[in-house]
Amino acid sequence: MMFDDTYKMLSAPGDGLYKEKGSKFIATAFTVTSEDEVKQALAEVKKKYYDARHHCYAYMIGPDKSCFRSSDDGEPSGTAGKPILNQILSKDVTNVCVIVVRYFGGIKLGVSGLINAYKTAAREALNNAVIVEKTVNEVYSLEFPYALMNDVMRVLKEEGLEQQNPRFEMDCYLEFSTRKNEAEKTVAKFKNIFGVTVSYIKTL
């Protein structure tokens, strides 16, 4: 089975609002690509809603969804962060953070009430966001003598690849990005040109 080389993420943020028994739950869903960006966003939200009782959140990062976390921020365990994370999972999105702030209305909602409130606010924010599908791409570098320029350019053209960061001097260097599912075939073509060095750089 081929690796699924597509994933969904937000191209525009979304907001959500849920009210119950005087409590207000304000949700924001937005794109993040690192845990540092999550910390930064959380600091901004805490500053904006400085008088809110709780700032609960969940995030998921990476095409393989390997980096994720949720926080109840003082709410009973499992009543806030997990319901938010479950909404991210049900939307099948990544590189996303959803923060839900709560203004307490004076009446306790109970465990099931809290779960429903955080879930609903998070779902609304994600529903109001714009979701796009992206491909998982691998980036490689090519190093080769100037004499092989035409051979390398021919393969780039055949595969519909754009050269990135080119340096053409005595020896030549450039990078290209290809879909993960196409990478093995494309790399093999370059390796078949004697004198070309292909190196993997990163996965995007």
# chains A, B, ... in the order shown; residues from 1 in each chain; ligands from 1
>>> residues_around(residues="Val38 (chain A)", least_positions_apart="6", cutoff="10 Å", atoms="only C-alpha atoms", output="PyMOL selection string")
chain A and resi 30-32+44+57-61+96-99
>>> residues_around(residues="region 184-187 of chain A", least_positions_apart="4", cutoff="12 Å", atoms="only C-alpha atoms", output="list in words")
Met2, Asn137, Glu138, Val139, Tyr140, Ser141, Leu142, Val152, Val155, Leu156, Lys157, Glu158, Glu159, Gly160, Leu161, Glu175, Phe176, Ser177, Thr178, Arg179, Lys180, Lys191, Asn192, Ile193, Val196, Thr197, Val198, Ser199 and Tyr200 of chain A
>>> closest_residue(among="A:Ala27, A:Cys172, A:Val101, A:Met149", to="Asp51 (chain A)", atoms="only C-alpha atoms")
A:Val101
>>> atom_distance(atom1="CA of Pro13 (chain A)", atom2="CA of Ala41 (chain A)")
12.6 Å
>>> select_by_dssp(residues="region 59-140 of chain A", states="strand (DSSP E)", output="list in words")
Tyr59, Met60, Ile61, Cys67, Phe68, Arg69, Ser70, Ser71, Val96, Cys97, Val98, Ile99, Val100, Val101, Arg102, Tyr103, Val130, Ile131, Val132, Glu133, Lys134, Thr135, Asn137, Glu138, Val139 and Tyr140 of chain A
>>> residues_around(residues="region 85-92 of chain A", least_positions_apart="2", cutoff="10 Å", atoms="only C-alpha atoms", output="ChimeraX atom specification")
/A:7-9,29,57-60,65,68-71,80-83,94,96-98,118-127,131
>>> closest_residue(among="A:Ala52, A:Glu75, A:Gln40, A:Asp171", to="Gly105 (chain A)", atoms="only C-alpha atoms")
A:Ala52
>>> closest_residue(among="A:Arg102, A:Lys134, A:Lys189, A:His54", to="Leu10 (chain A)", atoms="only C-alpha atoms")
A:Lys134
>>> atom_distance(atom1="CA of Phe104 (chain A)", atom2="CA of Phe25 (chain A)")
8.8 Å
>>> select_by_dssp(residues="chain A", states="helix (DSSP H, G or I)", output="NGL selection string")
:A and (35-48 or 81-91 or 110-128 or 146-158 or 180-191)
>>> closest_residue(among="A:Val93, A:Ala147, A:Ile26, A:Pro76", to="Ser112 (chain A)", atoms="only C-alpha atoms")
A:Pro76
>>> atom_distance(atom1="CA of Lys39 (chain A)", atom2="CA of Asp15 (chain A)")
18.9 Å
>>> residues_around(residues="Gly195 (chain A)", least_positions_apart="6", cutoff="9 Å", atoms="only C-alpha atoms", output="ChimeraX atom specification")
/A:143-145,148
>>> closest_residue(among="A:Tyr173, A:Asp4, A:Ser23, A:Leu204", to="Leu109 (chain A)", atoms="only C-alpha atoms")
A:Ser23
>>> closest_residue(among="A:Asp5, A:Asp36, A:Asp151, A:Asp72", to="Phe190 (chain A)", atoms="only C-alpha atoms")
A:Asp151
